[in-house]
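*Asks:* Provided herewith: structure17.txt, compact mmCIF, N, CA and C atoms.
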```txt
# COMPACT_ATOMS: atom_id res chain seq x y z
N MET A 1 161.80 -168.61 -75.66
CA MET A 1 160.48 -168.77 -76.24
C MET A 1 160.53 -169.90 -77.27
N LYS A 2 159.67 -170.89 -77.11
CA LYS A 2 159.62 -172.01 -78.04
C LYS A 2 158.48 -171.77 -79.02
N LEU A 3 158.80 -171.82 -80.30
CA LEU A 3 157.79 -171.66 -81.34
C LEU A 3 157.33 -173.05 -81.77
N THR A 4 156.09 -173.39 -81.47
CA THR A 4 155.60 -174.73 -81.75
C THR A 4 155.02 -174.88 -83.14
N ASN A 5 154.80 -173.81 -83.83
CA ASN A 5 154.28 -173.87 -85.20
C ASN A 5 155.32 -173.31 -86.15
N GLU A 6 155.67 -174.09 -87.14
CA GLU A 6 156.69 -173.70 -88.10
C GLU A 6 156.10 -172.77 -89.15
N TRP A 7 156.77 -171.65 -89.39
CA TRP A 7 156.38 -170.76 -90.47
C TRP A 7 157.00 -171.29 -91.76
N PHE A 8 156.16 -171.63 -92.69
CA PHE A 8 156.63 -172.10 -93.98
C PHE A 8 156.21 -171.05 -95.02
N CYS A 9 157.17 -170.30 -95.50
CA CYS A 9 156.89 -169.19 -96.42
C CYS A 9 156.88 -169.71 -97.85
N THR A 10 155.70 -169.90 -98.39
CA THR A 10 155.58 -170.49 -99.71
C THR A 10 156.25 -169.65 -100.79
N ASP A 11 156.19 -168.33 -100.68
CA ASP A 11 156.85 -167.48 -101.68
C ASP A 11 158.37 -167.68 -101.64
N LYS A 12 158.93 -167.75 -100.42
CA LYS A 12 160.37 -167.99 -100.31
C LYS A 12 160.72 -169.37 -100.87
N TRP A 13 159.88 -170.37 -100.56
CA TRP A 13 160.13 -171.74 -101.03
C TRP A 13 160.08 -171.80 -102.55
N ASP A 14 159.02 -171.24 -103.15
CA ASP A 14 158.89 -171.28 -104.60
C ASP A 14 159.99 -170.50 -105.31
N GLY A 15 160.55 -169.52 -104.63
CA GLY A 15 161.63 -168.73 -105.22
C GLY A 15 163.02 -169.27 -104.92
N SER A 16 163.09 -170.34 -104.15
CA SER A 16 164.37 -170.91 -103.74
C SER A 16 164.85 -171.95 -104.74
N SER A 17 166.15 -172.05 -104.87
CA SER A 17 166.71 -173.11 -105.72
C SER A 17 166.44 -174.49 -105.12
N ALA A 18 166.16 -174.56 -103.82
CA ALA A 18 165.89 -175.85 -103.16
C ALA A 18 164.64 -176.52 -103.71
N VAL A 19 163.71 -175.76 -104.23
CA VAL A 19 162.49 -176.35 -104.77
C VAL A 19 162.79 -177.21 -106.00
N LEU A 20 163.96 -177.02 -106.60
CA LEU A 20 164.35 -177.79 -107.78
C LEU A 20 165.18 -179.02 -107.45
N LEU A 21 165.41 -179.26 -106.16
CA LEU A 21 166.15 -180.46 -105.76
C LEU A 21 165.37 -181.70 -106.16
N PRO A 22 166.06 -182.83 -106.40
CA PRO A 22 165.34 -184.08 -106.62
C PRO A 22 164.43 -184.36 -105.42
N MET A 23 163.35 -185.07 -105.64
CA MET A 23 162.34 -185.28 -104.61
C MET A 23 162.91 -185.82 -103.30
N GLU A 24 163.76 -186.82 -103.35
CA GLU A 24 164.29 -187.40 -102.12
C GLU A 24 165.14 -186.38 -101.36
N ALA A 25 165.99 -185.65 -102.05
CA ALA A 25 166.81 -184.63 -101.41
C ALA A 25 165.95 -183.50 -100.87
N ARG A 26 164.92 -183.14 -101.61
CA ARG A 26 163.99 -182.09 -101.16
C ARG A 26 163.30 -182.52 -99.87
N GLY A 27 162.93 -183.79 -99.80
CA GLY A 27 162.31 -184.31 -98.59
C GLY A 27 163.26 -184.26 -97.40
N LEU A 28 164.52 -184.63 -97.62
CA LEU A 28 165.52 -184.56 -96.56
C LEU A 28 165.66 -183.11 -96.08
N TYR A 29 165.76 -182.20 -97.03
CA TYR A 29 165.92 -180.79 -96.69
C TYR A 29 164.73 -180.28 -95.87
N ARG A 30 163.52 -180.58 -96.30
CA ARG A 30 162.33 -180.11 -95.57
C ARG A 30 162.26 -180.73 -94.18
N GLU A 31 162.58 -182.01 -94.06
CA GLU A 31 162.57 -182.65 -92.74
C GLU A 31 163.61 -182.02 -91.83
N MET A 32 164.75 -181.68 -92.39
CA MET A 32 165.78 -181.02 -91.59
C MET A 32 165.31 -179.64 -91.14
N LEU A 33 164.64 -178.91 -92.00
CA LEU A 33 164.13 -177.60 -91.61
C LEU A 33 163.12 -177.72 -90.47
N THR A 34 162.23 -178.68 -90.57
CA THR A 34 161.24 -178.87 -89.51
C THR A 34 161.91 -179.25 -88.20
N ALA A 35 162.86 -180.18 -88.26
CA ALA A 35 163.57 -180.59 -87.04
C ALA A 35 164.36 -179.42 -86.45
N ALA A 36 164.97 -178.61 -87.30
CA ALA A 36 165.71 -177.45 -86.83
C ALA A 36 164.77 -176.44 -86.16
N TRP A 37 163.62 -176.21 -86.76
CA TRP A 37 162.66 -175.26 -86.20
C TRP A 37 162.34 -175.63 -84.76
N ARG A 38 162.11 -176.91 -84.53
CA ARG A 38 161.75 -177.39 -83.19
C ARG A 38 162.91 -177.22 -82.21
N ARG A 39 164.11 -176.99 -82.72
CA ARG A 39 165.30 -176.86 -81.89
C ARG A 39 165.89 -175.45 -81.97
N GLY A 40 165.04 -174.47 -82.14
CA GLY A 40 165.51 -173.09 -82.17
C GLY A 40 166.24 -172.72 -83.44
N ALA A 41 165.86 -173.33 -84.55
CA ALA A 41 166.43 -173.07 -85.88
C ALA A 41 167.88 -173.54 -85.99
N ARG A 42 168.16 -174.68 -85.38
CA ARG A 42 169.50 -175.25 -85.49
C ARG A 42 169.45 -176.76 -85.26
N LEU A 43 170.40 -177.43 -85.86
CA LEU A 43 170.55 -178.88 -85.71
C LEU A 43 171.95 -179.18 -85.20
N PRO A 44 172.12 -180.30 -84.53
CA PRO A 44 173.48 -180.69 -84.16
C PRO A 44 174.27 -181.02 -85.43
N LYS A 45 175.58 -180.83 -85.39
CA LYS A 45 176.41 -181.16 -86.56
C LYS A 45 176.52 -182.66 -86.79
N ASP A 46 176.26 -183.44 -85.81
CA ASP A 46 176.42 -184.89 -85.88
C ASP A 46 175.37 -185.50 -86.81
N PRO A 47 175.78 -186.07 -87.95
CA PRO A 47 174.83 -186.64 -88.90
C PRO A 47 173.93 -187.73 -88.29
N GLU A 48 174.47 -188.55 -87.39
CA GLU A 48 173.65 -189.60 -86.79
C GLU A 48 172.53 -189.01 -85.94
N LYS A 49 172.79 -187.93 -85.25
CA LYS A 49 171.75 -187.27 -84.45
C LYS A 49 170.67 -186.68 -85.36
N ILE A 50 171.11 -186.11 -86.46
CA ILE A 50 170.14 -185.55 -87.41
C ILE A 50 169.30 -186.68 -87.99
N GLN A 51 169.93 -187.76 -88.39
CA GLN A 51 169.21 -188.89 -88.97
C GLN A 51 168.15 -189.41 -88.00
N ARG A 52 168.49 -189.51 -86.73
CA ARG A 52 167.50 -189.96 -85.74
C ARG A 52 166.37 -188.95 -85.61
N ALA A 53 166.72 -187.68 -85.59
CA ALA A 53 165.70 -186.64 -85.41
C ALA A 53 164.69 -186.61 -86.56
N ILE A 54 165.15 -186.90 -87.77
CA ILE A 54 164.26 -186.82 -88.93
C ILE A 54 163.83 -188.19 -89.45
N ARG A 55 164.22 -189.25 -88.72
CA ARG A 55 163.85 -190.62 -89.09
C ARG A 55 164.33 -190.97 -90.49
N CYS A 56 165.59 -190.76 -90.71
CA CYS A 56 166.23 -190.97 -92.01
C CYS A 56 167.20 -192.13 -91.90
N THR A 57 167.20 -193.01 -92.87
CA THR A 57 168.16 -194.10 -92.85
C THR A 57 169.53 -193.60 -93.30
N ARG A 58 170.53 -194.37 -92.98
CA ARG A 58 171.90 -194.03 -93.39
C ARG A 58 171.99 -194.01 -94.92
N GLU A 59 171.31 -194.93 -95.56
CA GLU A 59 171.34 -194.99 -97.03
C GLU A 59 170.69 -193.75 -97.64
N GLU A 60 169.57 -193.31 -97.09
CA GLU A 60 168.92 -192.09 -97.58
C GLU A 60 169.84 -190.89 -97.39
N TRP A 61 170.43 -190.81 -96.21
CA TRP A 61 171.36 -189.72 -95.91
C TRP A 61 172.53 -189.72 -96.90
N ASP A 62 173.10 -190.88 -97.11
CA ASP A 62 174.24 -190.98 -98.02
C ASP A 62 173.89 -190.57 -99.44
N ARG A 63 172.69 -190.86 -99.87
CA ARG A 63 172.26 -190.48 -101.23
C ARG A 63 172.02 -188.98 -101.36
N CYS A 64 171.60 -188.32 -100.28
CA CYS A 64 171.08 -186.95 -100.39
C CYS A 64 171.91 -185.86 -99.73
N TRP A 65 172.70 -186.19 -98.74
CA TRP A 65 173.35 -185.13 -97.96
C TRP A 65 174.22 -184.22 -98.82
N ALA A 66 175.00 -184.76 -99.73
CA ALA A 66 175.87 -183.91 -100.56
C ALA A 66 175.06 -182.89 -101.37
N ILE A 67 173.85 -183.25 -101.74
CA ILE A 67 172.99 -182.35 -102.51
C ILE A 67 172.41 -181.26 -101.61
N VAL A 68 172.12 -181.61 -100.37
CA VAL A 68 171.45 -180.69 -99.43
C VAL A 68 172.44 -179.84 -98.65
N ALA A 69 173.65 -180.32 -98.47
CA ALA A 69 174.65 -179.64 -97.64
C ALA A 69 174.85 -178.16 -97.95
N PRO A 70 174.84 -177.74 -99.23
CA PRO A 70 175.07 -176.31 -99.50
C PRO A 70 174.02 -175.36 -98.89
N TYR A 71 172.89 -175.89 -98.46
CA TYR A 71 171.85 -175.06 -97.88
C TYR A 71 172.04 -174.86 -96.37
N TRP A 72 173.05 -175.48 -95.83
CA TRP A 72 173.34 -175.42 -94.39
C TRP A 72 174.76 -174.94 -94.18
N ARG A 73 174.98 -174.28 -93.05
CA ARG A 73 176.34 -173.88 -92.69
C ARG A 73 176.59 -174.23 -91.23
N GLU A 74 177.85 -174.44 -90.91
CA GLU A 74 178.22 -174.74 -89.54
C GLU A 74 178.24 -173.46 -88.74
N ASP A 75 177.72 -173.56 -87.53
CA ASP A 75 177.74 -172.45 -86.57
C ASP A 75 178.07 -173.08 -85.22
N GLY A 76 179.35 -173.12 -84.90
CA GLY A 76 179.78 -173.80 -83.69
C GLY A 76 179.52 -175.29 -83.82
N ASP A 77 178.77 -175.84 -82.87
CA ASP A 77 178.44 -177.28 -82.88
C ASP A 77 177.14 -177.57 -83.61
N HIS A 78 176.65 -176.63 -84.38
CA HIS A 78 175.34 -176.78 -85.01
C HIS A 78 175.41 -176.53 -86.51
N LEU A 79 174.36 -176.98 -87.19
CA LEU A 79 174.10 -176.60 -88.58
C LEU A 79 172.92 -175.65 -88.57
N VAL A 80 173.00 -174.63 -89.39
CA VAL A 80 171.91 -173.66 -89.50
C VAL A 80 171.65 -173.35 -90.96
N ASN A 81 170.44 -172.91 -91.22
CA ASN A 81 170.03 -172.45 -92.53
C ASN A 81 169.73 -170.96 -92.38
N ASP A 82 170.44 -170.12 -93.10
CA ASP A 82 170.33 -168.68 -92.90
C ASP A 82 168.93 -168.13 -93.14
N THR A 83 168.25 -168.63 -94.15
CA THR A 83 166.88 -168.16 -94.40
C THR A 83 165.98 -168.54 -93.23
N GLN A 84 166.13 -169.76 -92.72
CA GLN A 84 165.31 -170.18 -91.60
C GLN A 84 165.59 -169.33 -90.36
N ILE A 85 166.83 -169.01 -90.12
CA ILE A 85 167.16 -168.18 -88.96
C ILE A 85 166.43 -166.84 -89.08
N GLU A 86 166.45 -166.27 -90.27
CA GLU A 86 165.76 -165.00 -90.50
C GLU A 86 164.27 -165.11 -90.19
N VAL A 87 163.62 -166.14 -90.71
CA VAL A 87 162.19 -166.34 -90.50
C VAL A 87 161.91 -166.64 -89.02
N TYR A 88 162.75 -167.44 -88.40
CA TYR A 88 162.57 -167.80 -87.00
C TYR A 88 162.64 -166.56 -86.10
N GLU A 89 163.64 -165.71 -86.36
CA GLU A 89 163.79 -164.49 -85.56
C GLU A 89 162.60 -163.55 -85.76
N GLU A 90 162.13 -163.43 -86.99
CA GLU A 90 160.95 -162.59 -87.25
C GLU A 90 159.73 -163.14 -86.52
N SER A 91 159.63 -164.44 -86.45
CA SER A 91 158.47 -165.09 -85.82
C SER A 91 158.46 -164.87 -84.31
N LYS A 92 159.64 -164.84 -83.72
CA LYS A 92 159.71 -164.62 -82.28
C LYS A 92 159.20 -163.24 -81.94
```
Spell out the structure here as structure tokens.

*Replies:*
Amino acid sequence: MKLTNEWFCTDKWDGSSAVLLPMEARGLYREMLTAAWRRGARLPKDPEKIQRAIRCTREEWDRCWAIVAPYWREDGDHLVNDTQIEVYEESK
């Protein structure tokens, strides 16, 4: 089942430490969440594939990835965000 509309839980967002990220890093994080949603709540581990998916330059990635990385974990060949997985599964 493909979910074409992303559930964005404003209460979870406002209560998350991610809302305090610098603007550029926050933008990277949100773009990654949207791209992951479209791919079943997961992204490939390959940074270049992620950059293409979210239309991010290498320079933007290099400035922000270290700040955003703690919000993602490796799951096999993918990166996942545990909160997003929870919301995605509930949505299905």

*Asks:* In Å, how far is it from atom CA of Trp65 of chain A to atom CA of Trp7 of chain A?

*Replies:* 23.5 Å

*Asks:* Take atom CA of Arg55 of chain A and atom C of Glu89 of chain A and report the distance between them in Å, one decimal.

*Replies:*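 If I compute the distance from atom CA of Arg55 of chain A to atom C of Glu89 of chain A, I get 27.3 Å.
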
*Asks:* Please identify the helix (DSSP H, G or I) residues within chain A (assignment by DSSP from backbone atoms) and present them as a ChimeraX atom specification.

*Replies:* /A:10-14,17-20,23-38,47-54,58-71,82-91

*Asks:* Within 7 Å of Thr4 of chain A, counting all atoms listed in the file, which residues qualify if same-chain residues fewer than 2 places away don't, as a list of chain:residue names?

*Replies:*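 Selected residues are A:Lys2, A:Glu6, A:Arg38.
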
*Asks:* Mind giving me the straight-line distance from atom N of Lys12 of chain A to atom C of Trp37 of chain A in Å, one decimal?

*Replies:*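 About the pair atom N of Lys12 of chain A and atom C of Trp37 of chain A: they are 17.9 Å apart.
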
*Asks:* Considering all atoms listed in the file, state which residue in the set A:Ile67, A:Asn81, A:Arg58, A:Ala35 is at the smallest distance from Pro22 of chain A.

*Replies:*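 With all atoms listed in the file as the atom set, the closest residue is A:Ile67.
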
*Asks:* Out of A:Arg52, A:Leu43, A:Met32, A:Lys92, which residue has the shortest atom-to-atom distance to Gly76 of chain A when counting only C-alpha atoms?

*Replies:*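 Among the listed residues, A:Leu43 lies closest to Gly76 of chain A.
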
*Asks:* Is it possible to add N, CA, C and O atoms to segment 56-80 of chain A and hand it back as a PDB file, in the coordinates of the input?

*Replies:*
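Saved result, selection.pdb, follows:
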```
ATOM      1  N   CYS A  56     165.590-190.760 -90.710  1.00  0.00           N
ATOM      2  CA  CYS A  56     166.230-190.970 -92.010  1.00  0.00           C
ATOM      3  C   CYS A  56     167.200-192.130 -91.900  1.00  0.00           C
ATOM      4  O   CYS A  56     167.973-192.205 -90.941  1.00  0.00           O
ATOM      5  N   THR A  57     167.200-193.010 -92.870  1.00  0.00           N
ATOM      6  CA  THR A  57     168.160-194.100 -92.850  1.00  0.00           C
ATOM      7  C   THR A  57     169.530-193.600 -93.300  1.00  0.00           C
ATOM      8  O   THR A  57     169.657-192.561 -93.956  1.00  0.00           O
ATOM      9  N   ARG A  58     170.530-194.370 -92.980  1.00  0.00           N
ATOM     10  CA  ARG A  58     171.900-194.030 -93.390  1.00  0.00           C
ATOM     11  C   ARG A  58     171.990-194.010 -94.920  1.00  0.00           C
ATOM     12  O   ARG A  58     172.655-193.141 -95.506  1.00  0.00           O
ATOM     13  N   GLU A  59     171.310-194.930 -95.560  1.00  0.00           N
ATOM     14  CA  GLU A  59     171.340-194.990 -97.030  1.00  0.00           C
ATOM     15  C   GLU A  59     170.690-193.750 -97.640  1.00  0.00           C
ATOM     16  O   GLU A  59     171.207-193.196 -98.621  1.00  0.00           O
ATOM     17  N   GLU A  60     169.570-193.310 -97.090  1.00  0.00           N
ATOM     18  CA  GLU A  60     168.920-192.090 -97.580  1.00  0.00           C
ATOM     19  C   GLU A  60     169.840-190.890 -97.390  1.00  0.00           C
ATOM     20  O   GLU A  60     169.987-190.047 -98.284  1.00  0.00           O
ATOM     21  N   TRP A  61     170.430-190.810 -96.210  1.00  0.00           N
ATOM     22  CA  TRP A  61     171.360-189.720 -95.910  1.00  0.00           C
ATOM     23  C   TRP A  61     172.530-189.720 -96.900  1.00  0.00           C
ATOM     24  O   TRP A  61     172.868-188.676 -97.456  1.00  0.00           O
ATOM     25  N   ASP A  62     173.100-190.880 -97.110  1.00  0.00           N
ATOM     26  CA  ASP A  62     174.240-190.980 -98.020  1.00  0.00           C
ATOM     27  C   ASP A  62     173.890-190.570 -99.440  1.00  0.00           C
ATOM     28  O   ASP A  62     174.720-189.982-100.143  1.00  0.00           O
ATOM     29  N   ARG A  63     172.690-190.860 -99.870  1.00  0.00           N
ATOM     30  CA  ARG A  63     172.260-190.480-101.230  1.00  0.00           C
ATOM     31  C   ARG A  63     172.020-188.980-101.360  1.00  0.00           C
ATOM     32  O   ARG A  63     172.181-188.418-102.443  1.00  0.00           O
ATOM     33  N   CYS A  64     171.600-188.320-100.280  1.00  0.00           N
ATOM     34  CA  CYS A  64     171.080-186.950-100.390  1.00  0.00           C
ATOM     35  C   CYS A  64     171.910-185.860 -99.730  1.00  0.00           C
ATOM     36  O   CYS A  64     171.812-184.700-100.128  1.00  0.00           O
ATOM     37  N   TRP A  65     172.700-186.190 -98.740  1.00  0.00           N
ATOM     38  CA  TRP A  65     173.350-185.130 -97.960  1.00  0.00           C
ATOM     39  C   TRP A  65     174.220-184.220 -98.820  1.00  0.00           C
ATOM     40  O   TRP A  65     174.184-182.998 -98.675  1.00  0.00           O
ATOM     41  N   ALA A  66     175.000-184.760 -99.730  1.00  0.00           N
ATOM     42  CA  ALA A  66     175.870-183.910-100.560  1.00  0.00           C
ATOM     43  C   ALA A  66     175.060-182.890-101.370  1.00  0.00           C
ATOM     44  O   ALA A  66     175.540-181.778-101.629  1.00  0.00           O
ATOM     45  N   ILE A  67     173.850-183.250-101.740  1.00  0.00           N
ATOM     46  CA  ILE A  67     172.990-182.350-102.510  1.00  0.00           C
ATOM     47  C   ILE A  67     172.410-181.260-101.610  1.00  0.00           C
ATOM     48  O   ILE A  67     172.258-180.101-102.020  1.00  0.00           O
ATOM     49  N   VAL A  68     172.120-181.610-100.370  1.00  0.00           N
ATOM     50  CA  VAL A  68     171.450-180.690 -99.430  1.00  0.00           C
ATOM     51  C   VAL A  68     172.440-179.840 -98.650  1.00  0.00           C
ATOM     52  O   VAL A  68     172.126-178.723 -98.223  1.00  0.00           O
ATOM     53  N   ALA A  69     173.650-180.320 -98.470  1.00  0.00           N
ATOM     54  CA  ALA A  69     174.650-179.640 -97.640  1.00  0.00           C
ATOM     55  C   ALA A  69     174.850-178.160 -97.950  1.00  0.00           C
ATOM     56  O   ALA A  69     175.025-177.358 -97.026  1.00  0.00           O
ATOM     57  N   PRO A  70     174.840-177.740 -99.230  1.00  0.00           N
ATOM     58  CA  PRO A  70     175.070-176.310 -99.500  1.00  0.00           C
ATOM     59  C   PRO A  70     174.020-175.360 -98.890  1.00  0.00           C
ATOM     60  O   PRO A  70     174.277-174.155 -98.789  1.00  0.00           O
ATOM     61  N   TYR A  71     172.890-175.890 -98.460  1.00  0.00           N
ATOM     62  CA  TYR A  71     171.850-175.060 -97.880  1.00  0.00           C
ATOM     63  C   TYR A  71     172.040-174.860 -96.370  1.00  0.00           C
ATOM     64  O   TYR A  71     171.253-174.162 -95.737  1.00  0.00           O
ATOM     65  N   TRP A  72     173.050-175.480 -95.830  1.00  0.00           N
ATOM     66  CA  TRP A  72     173.340-175.420 -94.390  1.00  0.00           C
ATOM     67  C   TRP A  72     174.760-174.940 -94.180  1.00  0.00           C
ATOM     68  O   TRP A  72     175.631-175.160 -95.009  1.00  0.00           O
ATOM     69  N   ARG A  73     174.980-174.280 -93.050  1.00  0.00           N
ATOM     70  CA  ARG A  73     176.340-173.880 -92.690  1.00  0.00           C
ATOM     71  C   ARG A  73     176.590-174.230 -91.230  1.00  0.00           C
ATOM     72  O   ARG A  73     175.653-174.298 -90.426  1.00  0.00           O
ATOM     73  N   GLU A  74     177.850-174.440 -90.910  1.00  0.00           N
ATOM     74  CA  GLU A  74     178.220-174.740 -89.540  1.00  0.00           C
ATOM     75  C   GLU A  74     178.240-173.460 -88.740  1.00  0.00           C
ATOM     76  O   GLU A  74     178.723-172.421 -89.199  1.00  0.00           O
ATOM     77  N   ASP A  75     177.720-173.560 -87.530  1.00  0.00           N
ATOM     78  CA  ASP A  75     177.740-172.450 -86.570  1.00  0.00           C
ATOM     79  C   ASP A  75     178.070-173.080 -85.220  1.00  0.00           C
ATOM     80  O   ASP A  75     177.179-173.590 -84.533  1.00  0.00           O
ATOM     81  N   GLY A  76     179.350-173.120 -84.900  1.00  0.00           N
ATOM     82  CA  GLY A  76     179.780-173.800 -83.690  1.00  0.00           C
ATOM     83  C   GLY A  76     179.520-175.290 -83.820  1.00  0.00           C
ATOM     84  O   GLY A  76     179.945-175.921 -84.770  1.00  0.00           O
ATOM     85  N   ASP A  77     178.770-175.840 -82.870  1.00  0.00           N
ATOM     86  CA  ASP A  77     178.440-177.280 -82.880  1.00  0.00           C
ATOM     87  C   ASP A  77     177.140-177.570 -83.610  1.00  0.00           C
ATOM     88  O   ASP A  77     176.587-178.660 -83.445  1.00  0.00           O
ATOM     89  N   HIS A  78     176.650-176.630 -84.380  1.00  0.00           N
ATOM     90  CA  HIS A  78     175.340-176.780 -85.010  1.00  0.00           C
ATOM     91  C   HIS A  78     175.410-176.530 -86.510  1.00  0.00           C
ATOM     92  O   HIS A  78     176.349-175.929 -87.020  1.00  0.00           O
ATOM     93  N   LEU A  79     174.360-176.980 -87.190  1.00  0.00           N
ATOM     94  CA  LEU A  79     174.100-176.600 -88.580  1.00  0.00           C
ATOM     95  C   LEU A  79     172.920-175.650 -88.570  1.00  0.00           C
ATOM     96  O   LEU A  79     171.949-175.857 -87.831  1.00  0.00           O
ATOM     97  N   VAL A  80     173.000-174.630 -89.390  1.00  0.00           N
ATOM     98  CA  VAL A  80     171.910-173.660 -89.500  1.00  0.00           C
ATOM     99  C   VAL A  80     171.650-173.350 -90.960  1.00  0.00           C
ATOM    100  O   VAL A  80     172.522-173.496 -91.815  1.00  0.00           O
TER     101      VAL A  80
END
```
